[in-house]
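What follows is a short report on a single structure.
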Amino acid sequence: MFVLRSLKGSRLNISRCKIILGPLALVGLIALLCLVTVVGGCGDDGVSSTSPTPGVAYWKQITGLPTMDNRHWEGIWGTDANNILAVGRQGVVSHFTGAGWEARSSGTDRDILSVWGTADSAYLVGDLADSIDQEWALHHAWGTDVFYERVTPGPKLFNALIDVSGTSGNNIFAVGTNGYIAHYNGSAWSSMTQGGTVELKSVWVASDSSAYVVGTYGTVLHYDGTDWSVMSSHTQATLREVWGFSDNSVYAAGNSGTVLHYDGTSWSQMDTPVEMALYGIWGTSDNNLYAIGYGGTLIHYDGTAWTEDTSGTGFILRNIWGTSENNIYIVGDYNLHYDGTEWAPFTVHNDTINFLDIWARSGAEILAVGSNGMILRSGNSGIGWDSLTSNSNENLNGVWGNPNGSVRFAVGDLGTILYLDNPEGTGWADQTLSIDADLNAVWGVSDSAVWAVGADGVIAEYDGLSWDTMAAPVAVDLSDIWGLTDSSLFAVGNGGTILRHTTSWTEMTSPTGEHLNSVWGFSENFAFAVGNGGTVLRYNGTDWSAMASGSGIDLTAVWGASENDVFAVGSEGEILHFDGTSWSLIETSVGVDLYCLYGITGTSVFAGGAFNHLLNYSQ
């Protein structure tokens with residue numbers, strides 16, 4: 001059985017929409033691979049092309065979802081094949097140790113755009129930090145417990161640093177907006193003057209007395225150890241990357257498929273088979289170069305000509321680096337690895353998301369939320385999904401909308417509350433509370449009567465104008481909330497806690513001490529709650545009583561179409577169904593933890609979980 005824990009990793013209690021795979025995640029991956037093998041392809045409707053028995057409802061995995069990586073990896077670099085750093089937007093950092101990729105805390109949620117280092121240290125540079133610390137870099141000394149510390153490259157000139165490179169710990173350059181260049185001599189950063197104000201995109205350092213910088217309008221600069229000078233590039237195309245082998249062999253790549261080569265005397269333009277913008281260039285020799293870019297562009301140079309290669313994706317490829325001709329990495333909105341034979345996608349930390357909650361008004365509107373601020377919406381009964389901008393990096397644990405009104409809410413970690421006042425809109429407003437507690441679920445009965453519950457017994461109420469927080473009768477983590485009217489609400493949580501709201505919140509007698517993860521019902525006199533260890537409770541209008549579920553798996557969500565047609569999902573892909581008399585197991589091949597559940601009708605139900613898994617039960 002999988003070990004379940006909070007996504008924040010700070011508590012052992014399990015809330016309905018905050019669960020990730022533990023040490024046995026490999027089992028889920030193997031099951032996922034088995035599922036892909038069984039499915040064997042996808043139909044035009046975006047769901048797996050299994051062949052169901054006519055007229056029989058069945059579960060299927062939805063495919064063709066928008067890219068799940070809302071971090072977007074920007075840079076990659078390492079000392080060797082077993083020590084690699086990947087960096088990206090919203091402060092994401094992942095470290096490859098040879099055994100796999102591990103997430104690291106950078107201490108910032110700002111975009112990290114480039115990484116370079118030595119055998120002793122790594123340097124990461126990025127976007128504007130805040131109004132006090134502008135241009136910035138992060139320094140990491142290998143082997144230290146504190147992974148990163150901030151260093152300030154120069155005076156606060158409101159510049160973003162875009163790239164970093166060097167030859168040693170005593171000779172590092174960083175470049176960025178407004179023609180900004182900073183140099184590190186081993187003890188301190190200092191700003192350098194080069195006379196221009198164009199945006200500088202990339203730097204490559206050949207030696208202590210030679211460095212090359214490229215940027216917009218075909219800008220190429222050279223440093224001779226004393227001064228910077230402008231070189232003639234013979235192009236006006238924006239140059240996005242510069243990289244080389246020596247002062248007699250330097251390459252630059254940029255917009256419109258532009259690749260330039262410097263032979264020690266002058267720059268010349270090379271013929272390429274593409275017109276897409278190129279974001280990165282790297283190779284092992286003048287006879288083995290790769291350039292990557294927009295639309296999944298991947299081209300290769302064999303010393304004679306550039307030819308187009310197949311990347312297998314249409315997403316932007318942003319940076320390339322390797323240790324040998326048989327070990328090359330590409331990162332971006334899609335990540336690839338080359339083993340000397342073929343390019344194959346690989347997973348870096350946060351490449352996948354967890355679906356944590358689902359809500360539906362009808363087939364015309366389905367919302368799914370999850371880790372790292374993910375919000376997806378379908379307007380066609382789950383066929384075709386769009387990614388909505390949440391402007392949040394927090395895990396979104398709950399979503400609810402008024403089926404008869406216009407408001408939509410998503411709640412998440414650290415008091416996050418997002419608000420949408422137009423069912424067809426995309427601009428989610430931030431109503432985040434000034435609390436440290438994570439919000440796990442949200443539910444309402446009208447546009448002006450909405451509640452959210454979360455860690456440590458926090459309850460927040462929305463009256464149509466603002467949110468007000470209050471404490472529950474017991475200070476335990478609350479996982480879910482449901483109700484039909486503001487005088488009949490139920491909330492469940494840790495230790496079997498069940499709360500009811502009539503005119504105020506009071507604690508009810510619970511027949512279990514297991515953590516309850518979800519609650520759902522059909523009337524004030526008929527409701528279900530599910531929780532850890534296969535726990536299922538039923539409410540008859542007066543008391544809660546335990547039911548035999550026939551399962552020992554932790555159940556994370558419950559939803560039903562009627563009193564005789566109820567579903568529950570849980571860890572290891574388990575799905576149960578209640579027919580009015582007893583619970584039975586539905587056979588699936590999912591194998592990964594499922595965290596959330598919601599339906600439109602009894603034959604159109606959606607379940608979401610780990611590793612981008614979104615399932616549809618339909619007939």
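A note on labels: chains of the structure tokens are A, B, ... as shown, every chain counts residues from 1, and ligands are counted from 1 in their shown order.
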Any chance you could list, as a ChimeraX atom specification, the residues in stretch 211-344 of chain A that come up strand (DSSP E) when DSSP is run on the backbone? /A:211-215,220-223,228-231,239-246,249-254,259-262,267-270,278-285,288-293,298-301,306-309,317-324,327-332,336-338,343-344
Among stretch 461-569 of chain A, which ones does DSSP place in helix (DSSP H, G or I), written as a list of chain:residue names? A:Asn494, A:Gly495, A:Gly496, A:Asn532, A:Gly533, A:Gly534
Within 6 Å of stretch 274-291 of chain A using only C-alpha atoms, minus same-chain residues under 6 positions, as a ChimeraX atom specification: /A:240-241,253-257,298-303,318-320
Residues within 9 Å of A:Ser207, only C-alpha atoms, excluding chain neighbours under 3 positions, as a list in words: Gly166, Thr167, Asn171, Ser210, Ala211, Gly225, Ser246 and Asp247 of chain A
Neighbouring residues of A:Leu65 were defined as those with any atom within 10 Å, considering only C-alpha atoms; residues of the same chain fewer than 4 positions away were excluded. Please report them as a compact mmCIF listing (two decimals) with N, CA and C atoms, in the first residue's frame.
```
# COMPACT_ATOMS: atom_id res chain seq x y z
N GLY A 46 -9.80 12.26 -27.64
CA GLY A 46 -8.93 12.58 -26.53
C GLY A 46 -9.02 11.63 -25.37
N VAL A 47 -9.61 10.47 -25.55
CA VAL A 47 -9.65 9.45 -24.51
C VAL A 47 -9.03 8.18 -25.05
N LEU A 376 -7.65 23.49 -15.00
CA LEU A 376 -8.08 23.10 -16.34
C LEU A 376 -9.60 23.23 -16.43
N ILE A 383 -14.28 16.28 -23.16
CA ILE A 383 -13.54 16.10 -24.41
C ILE A 383 -12.96 17.45 -24.80
N GLY A 384 -11.66 17.61 -24.61
CA GLY A 384 -11.01 18.88 -24.87
C GLY A 384 -10.92 19.71 -23.61
N TRP A 385 -9.69 20.02 -23.19
CA TRP A 385 -9.46 20.78 -21.97
C TRP A 385 -8.55 21.96 -22.28
N ASP A 386 -8.81 23.09 -21.61
CA ASP A 386 -7.98 24.29 -21.72
C ASP A 386 -7.34 24.58 -20.37
N SER A 387 -6.13 25.09 -20.41
CA SER A 387 -5.43 25.49 -19.20
C SER A 387 -5.73 26.95 -18.91
N ASN A 612 -0.76 13.12 -13.62
CA ASN A 612 -1.61 13.64 -14.70
C ASN A 612 -2.82 12.77 -14.98
N HIS A 613 -3.22 11.94 -14.05
CA HIS A 613 -4.33 11.02 -14.30
C HIS A 613 -5.68 11.70 -14.10
N LEU A 614 -6.43 11.78 -15.18
CA LEU A 614 -7.80 12.25 -15.16
C LEU A 614 -8.64 11.20 -15.87
```
Among the residues A:Trp267, A:Phe346, A:Trp228, A:Trp400, the one that comes closest to A:Val369 [using only C-alpha atoms]: A:Trp400
Expressed in Å to a single decimal, how great is the separation between atom CA of A:Ala410 and atom CA of A:Ala452?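 Distance between the two atoms: 9.5 Å.
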Quick one: everything within 7 Å of A:Ala568, counting only C-alpha atoms, minus sequence neighbours fewer than 5 positions away in the same chain. Send it as a ChimeraX atom specification. /A:555,557-559,575-577
So which residues touch A:Ala529 within 9 Å, counting only C-alpha atoms, skipping near sequence neighbours fewer than 5 positions away, as a list in words?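 The filter keeps Val492, Leu516, Asn517, Ser518, Val519, Trp520, Gly521, Thr535, Val536, Leu537, Arg538, Tyr539, Ala557 and Val558 of chain A.
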Save the residues we just selected, C-alpha atoms, as an mmCIF file, in the first residue's frame?
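Below is the file that was written, out-v8.cif:
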```
data_model
loop_
_atom_site.group_PDB
_atom_site.id
_atom_site.type_symbol
_atom_site.label_atom_id
_atom_site.label_comp_id
_atom_site.auth_asym_id
_atom_site.auth_seq_id
_atom_site.Cartn_x
_atom_site.Cartn_y
_atom_site.Cartn_z
ATOM 1 C CA VAL A 492 -15.038 16.256 8.086
ATOM 2 C CA LEU A 516 -12.163 11.376 7.071
ATOM 3 C CA ASN A 517 -11.203 12.761 3.680
ATOM 4 C CA SER A 518 -14.494 13.525 1.944
ATOM 5 C CA VAL A 519 -18.204 14.106 2.531
ATOM 6 C CA TRP A 520 -21.122 14.176 0.073
ATOM 7 C CA GLY A 521 -24.879 13.746 0.225
ATOM 8 C CA THR A 535 -13.802 3.809 6.110
ATOM 9 C CA VAL A 536 -17.325 4.574 4.861
ATOM 10 C CA LEU A 537 -19.928 6.315 7.044
ATOM 11 C CA ARG A 538 -23.589 6.971 6.265
ATOM 12 C CA TYR A 539 -25.845 9.641 7.769
ATOM 13 C CA ALA A 557 -13.318 11.173 -2.243
ATOM 14 C CA VAL A 558 -17.014 10.307 -2.545
#
```
Closest of A:Ser371, A:Ser114, A:Ser362, A:Gln431 to A:Asn402 - atom-to-atom distances counting only C-alpha atoms: A:Ser362
Contacts between stretch 465-482 of chain A and stretch 394-453 of chain A, please, where a residue of stretch 394-453 of chain A counts if it comes within 6 Å (with only C-alpha atoms); show its shortest atom pair and distance in Å to one decimal, rows by chain and ascending number, as CSV.
```
residue,atom,partner,partner_atom,distance
A:Asn440,CA,A:Ser479,CA,5.5
A:Ala441,CA,A:Asp480,CA,5.1
A:Trp443,CA,A:Trp482,CA,6.0
A:Val453,CA,A:Leu478,CA,5.8
```
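Of the listed residues (A:Gly64, A:Gly169, A:Gly415, A:Gly295), A:Gly169 comes nearest to A:Asp208; the distances count only C-alpha atoms.
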Counting only C-alpha atoms, figure out which residue out of A:Ile586, A:Leu484, A:Val250, A:Val331 gets nearest to A:Leu113.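 Checking each of A:Ile586, A:Leu484, A:Val250, A:Val331 against A:Leu113, counting only C-alpha atoms, the winner is A:Val331.
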